[in-house]
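Take a look at the structure below.
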Amino acid sequence: MLRVDSSKPCKIVYSLCKHEFFGYLIEPHIVQLNPQGDFSLTYQRIFSHTATEFARHLTEKDLKLIKILDETEQDFIIKKFHKKPIRPVEFFSKFFNEKFYESVRPKIEKKLSEVLELIKVDGALYLMDSDGWPAERKIEIAAEPATVLFHFRRNAMETRYFPTIKYQGMRIDFMFKEAQVVSNQPAWLLLNDMLYFFEQDIEGKKLMPFLNKRYITIPKATEGAYFEKFVAPLIEKYHVYAEGFEIKTEKHDPSPVIKVIYVDSGVSQLQLYFKYDTHAFAMGTEKKITVHLEKEEDNYIFTRIKRDTAWEKQKFNVLTSLGLKKVSPIFHNLEIPPVRDEDQSYAIINWVNEHIEQLKENGFEIEQHQGTKKFLFASNKIDFEIKEDNDWFDINAIVYFGSHPIPFIALKQHILHKRREFTLPDGSIAIIPEKWFTQYGSLFSLSDGGKALKLKKHHIGLINELAEDGIANVTLSRKLERLNDFENIADTQMPVHFKGDLRSYQKAGYNWFSFLREYNFGGCLADDMGLGKTIQTLAMLQKIKEEDEQNATKSTSLIVMPTSLIYNWLNEARKFTPKLKIHAHTGSSRNKDISQFAKYDIIITTYGITRVDIDLLKDYYFNYIILDESQNIKNPSSKSFKAVRVLKSRHKLVLSGTPVENSVSDLWTQLTFLNPGLLGTQAFFNEEYVQAIEKRKDEEKARKLQAIIKPFVLRRTKEQVASELPAKTEQVFYCDMSEDQAAYYEKTKSAYRNDLLSSMDDGTYAKKQVQLLQGLTALRQLANHPVMIDEHYTSDSGKFENVIHTLDNVLKGGHKVLIFSQFVKHLNIFKQYFEQESIPFSYLDGATKNRGEIVAEFQENTELKVFLISIKAGGVGLNLTQADYVFILDPWWNPAVEQQAIDRTHRIGQEKKVFIYKFIAKDTVEEKILALQNRKKRLASSLITTEESFFKSLSKEDIREILN
């Protein structure tokens, strides 16, 4: 066989041929043209990999056709099936069978159909001759689809059946004409060099029997089965003409039905189907026409029902757009995507009830499931009417399950025990929505037991929430509506004898106290540390004193606090409210006669003493009981909580920068102290809120709890009120020494004092300078912690306890702290404590080498919150703007040095407001140094002073004063 010369004229030919095993194929060939421009006998089969040589004779479309036909070539098919190389002869003798043909032929036909569709437009198709020459005759391709009509003629004996074909309106005679079915699906028929295709996706198999047969006979005996299995599907798909039985066509307006399939303790589903008059069809079949067969006596009636599949699909989409999802690829059942803790057996019923209005608007009917339970499908709503009594809210509520009105109280046990099925008077079952358990559980749990639903006045938060929730229709009186709006609390006049000014957020806190008093609510002021909880409280207490004086009455309030804060309160009160008469009920020699309390405006005491003296204190009726650092009572089984609970007062207040230290459960004791019953029993609160929020991360419950406590907790963070704070705030914390520490201090002071005072008298004083310096240094160290001069000391230190307590609060707020001392020994005590408690910290003293790295790490590492710095090492050259708290553990003779330490954090680049806390041991040389510092400020700012020069400037009087 000669090869085609691509440099000479040639043409591509698509040739229809019959393969011995695979049936009809189309093969592309390149055929050389002779000088007259006709086909010569030189040709070759062309593939994608050989096409490049003939590229100039081929179009883009040709290349596409060649690529498709590559995949119908026998070698390609064999290779796909048989991975190892094999000769075709061997393959067809060993592996080819009917089953192989059935699996391969449809794939080939799909490709042939693609090719014919492309050739049909402007290509040419030829017939191959028996010797393999590709261009024996040209084959025409029909210009439009032909139609097939199936004829049935039924008489008393038999039914005859045959098809007729029409093309361009003319009937074609195709029987006994050597017609060939070239492809089964879609059907292509070759007849008289014309290739026909058909509408309605007809199968070639349906025409095959009639190529050499006039008709098929169906005997009377088998006609019933034949009509059902063969004729009915035929009528669904094709045109049929019948004599001897009836074919009717009906068109109906359909309606969608959802049937609930309830599965007890399983996953319930919805099934969607469509009613066309009396006919029902499941969603999911794409058939445009469905045929029903009925037999009446000797007559067969076929009914064709036209379906609107686009409309059906749209109804299905309505359901998925409302949140349902299809369960399986085959069936069109729908279910709700599972939600944690939601009971899946009721989820779908709940869903129907929630969407019932939209479903009805879209024309859906709802069908009960088969089973003994009859569910109610209807929307639910609750009408709440809330009336206020003196101390109560009376809640009158009606639940409407569809048209059934039920008193809300009748659902109490169901809601408390999370029972979903509620049987209605007519025997049908209403399903209680899952979210009602969260929405209304607290309402029942916290309400007063009994036939009616009553809530204490302090449950205003729950009432507010009902008002905000669309489902509840709440009617409140004018006064209550004011109570609803905590944001706009009335302004209360400041007390006349308050010295100083409150910042605007502090004034808002002061106003809030009056608001709580008016409604007899207890409140928790939870402002961040350093924002002035103490002065807001003192302003309120001064106001009460002035109101009492106007009304010619007298009342006494009690403030309970950690020991370390006693002196602070006294100090702040001296500064801001000097008119308040305050008595400190503290110390081992305290007066146990509590009738004396009446002489004072305020009694201050500690948690420890409250526990010990509770039998005395519980009989006194105070105006206010105020707990400072109220997280001290967070443990419900603690003696402190049990003690403060039995104290009696008209009003209650708690102060804490960290009301929730470790767990949501910390709230229970503090709010139960303030407003007994607000959060229910401890067991209820633990189960309902603590577990839900902490273990299950239930945001709905967290919101609920927030709503209940919101009226009674006022919290402002440093960030929220930053604009009102000065760039830096300094506060002195006075610390009482512990008993052992005070004894040690006194003993040491006496020894030095006697020695020095006598030397002043006998003139040897000038020689004693060094000794004096040593003595003062020893006293300063004892004021910090006796361990610093006596490593065998095992008792405690008041200042240490105080610093740790304050630090704890600051760290809980997520702040960074610089802690300065001039004694490395003092820093070491804290260092040991941090290591023991696993608190990460940075450390810097004179011996530190890699200062830069340590500073950088503290600035960048968010885990590092504490930096211990010795004043000598850290006074200059450090930039620590990430810290916003500075603790100064001991006062320095020279205020300028102290200022340098503060400037480590308070410098350019600092965006936060800085709080500086100075810790001073009360009744010690430290207090005297502070007073001296203030007196010598002028000296310090006029000269650069060293410790020594500052020390030399002290007169004998100054020293006497220090050592007294």
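Identifiers for the structure tokens are assigned positionally: chains receive A, B, ... in sequence, residues are indexed from 1 per chain, and ligands are indexed from 1 in the order shown.
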Checklist entry - Leaving out stretch 21-34 of chain A and any residue of its chain fewer than 3 positions from it, which residues lie within 8 Å of it when counting only C-alpha atoms, given as an NGL selection string? => result :A and (4-5 or 8-18 or 37-47 or 66 or 69 or 72-73 or 92 or 101 or 105 or 108 or 112 or 134 or 182-183)
Next on the checklist: Need to verify the contact set: A:Gln731, 10 Å, only C-alpha atoms, exclusion of same-chain residues closer than 5 positions in sequence. Can you return it as a list in words?
Outcome noted: Gly530, Asn568, Phe887, Phe915, Ile916, Tyr917, Lys918 and Phe919 of chain A
Restricted to N, CA and C atoms, what would the selected residues look like written as a CSV table (one decimal), in the first residue's frame?
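Saved result, result_13.csv, follows:
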chain,number,residue,atom,x,y,z
A,530,GLY,N,-7.9,49.8,90.0
A,530,GLY,CA,-7.3,51.1,89.8
A,530,GLY,C,-8.3,52.1,89.2
A,568,ASN,N,-5.9,51.2,103.8
A,568,ASN,CA,-6.2,51.9,102.5
A,568,ASN,C,-7.6,52.6,102.6
A,887,PHE,N,4.8,48.4,90.1
A,887,PHE,CA,4.7,48.2,91.6
A,887,PHE,C,6.1,48.7,92.1
A,915,PHE,N,-0.7,52.7,85.7
A,915,PHE,CA,-1.0,52.8,87.1
A,915,PHE,C,0.2,52.5,87.9
A,916,ILE,N,0.5,53.4,88.9
A,916,ILE,CA,1.7,53.1,89.7
A,916,ILE,C,1.2,52.9,91.2
A,917,TYR,N,1.6,51.7,91.7
A,917,TYR,CA,1.2,51.4,93.1
A,917,TYR,C,2.5,51.4,93.9
A,918,LYS,N,2.4,52.2,95.0
A,918,LYS,CA,3.6,52.2,96.0
A,918,LYS,C,3.1,51.4,97.2
A,919,PHE,N,3.9,50.5,97.6
A,919,PHE,CA,3.5,49.7,98.8
A,919,PHE,C,4.4,50.2,100.0
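Distance check against A:Lys220 using only C-alpha atoms: of A:Asn155, A:Ser6, A:Asn675, A:Ser795, the minimum falls on A:Asn155.
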Next on the checklist: I need the residues in stretch 813-871 of chain A that are alpha helix (DSSP H) according to DSSP; give them as a count of residues only.
Outcome noted: 25
Checklist entry - What lies within 6 Å of stretch 194-203 of chain A using only C-alpha atoms, ignoring chain neighbours under 3 positions off, as a PyMOL selection string? => result chain A and resi 139-142+145-147+184-191+206
Applying 9 Å and only C-alpha atoms, which residues near A:Ile535 remain after dropping the ones on its own chain fewer than 5 positions away? List them as a tab-separated table (two decimals) with C-alpha atoms, in the first residue's frame.
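The resulting file, part-v9.tsv, is shown below:
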chain	number	residue	atom	x	y	z
A	502	LEU	CA	-15.45	61.93	90.45
A	506	GLN	CA	-17.20	57.08	88.53
A	540	MET	CA	-22.32	56.93	98.26
A	572	GLU	CA	-9.00	57.12	101.31
A	573	ALA	CA	-11.86	58.03	103.65
A	576	PHE	CA	-12.26	62.14	100.37
A	577	THR	CA	-14.91	61.86	103.12
Checklist entry - So which bits of stretch 805-927 of chain A end up strand (DSSP E) when you DSSP the backbone, as a count of residues only? => result 26
Next on the checklist: Let me make sure I understand: among A:Gly371, A:Pro407, A:Lys457, A:Ala242, which one has the smallest atom-to-atom distance to A:Lys387 if we use only C-alpha atoms?
Outcome noted: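 Smallest distance to A:Lys387 is found for A:Lys457.
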Next on the checklist: Could you check the closest approach to A:Glu700 for each of A:Glu791, A:Asp615, A:Asp391, A:Glu688 and tell me which residue wins, using only C-alpha atoms?
Outcome noted: A:Glu688
Checklist outcome for this item: Counting only C-alpha atoms, closest pick from A:Lys374, A:His19, A:Arg574, A:Lys64 relative to A:Tyr262 is A:Lys374
Next on the checklist: Taking only C-alpha atoms into account, name the residue in A:Lys373, A:Lys575, A:Lys825, A:His458 that is nearest to A:Lys710.
Outcome noted: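 Under the stated criterion, the closest residue is A:His458.
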Checklist entry - What is the distance, in Å and to one decimal place, between atom CA of A:Ser328 and atom CA of A:Ala310? => result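 Atom-to-atom, atom CA of A:Ser328 and atom CA of A:Ala310 are spaced 20.7 Å apart.
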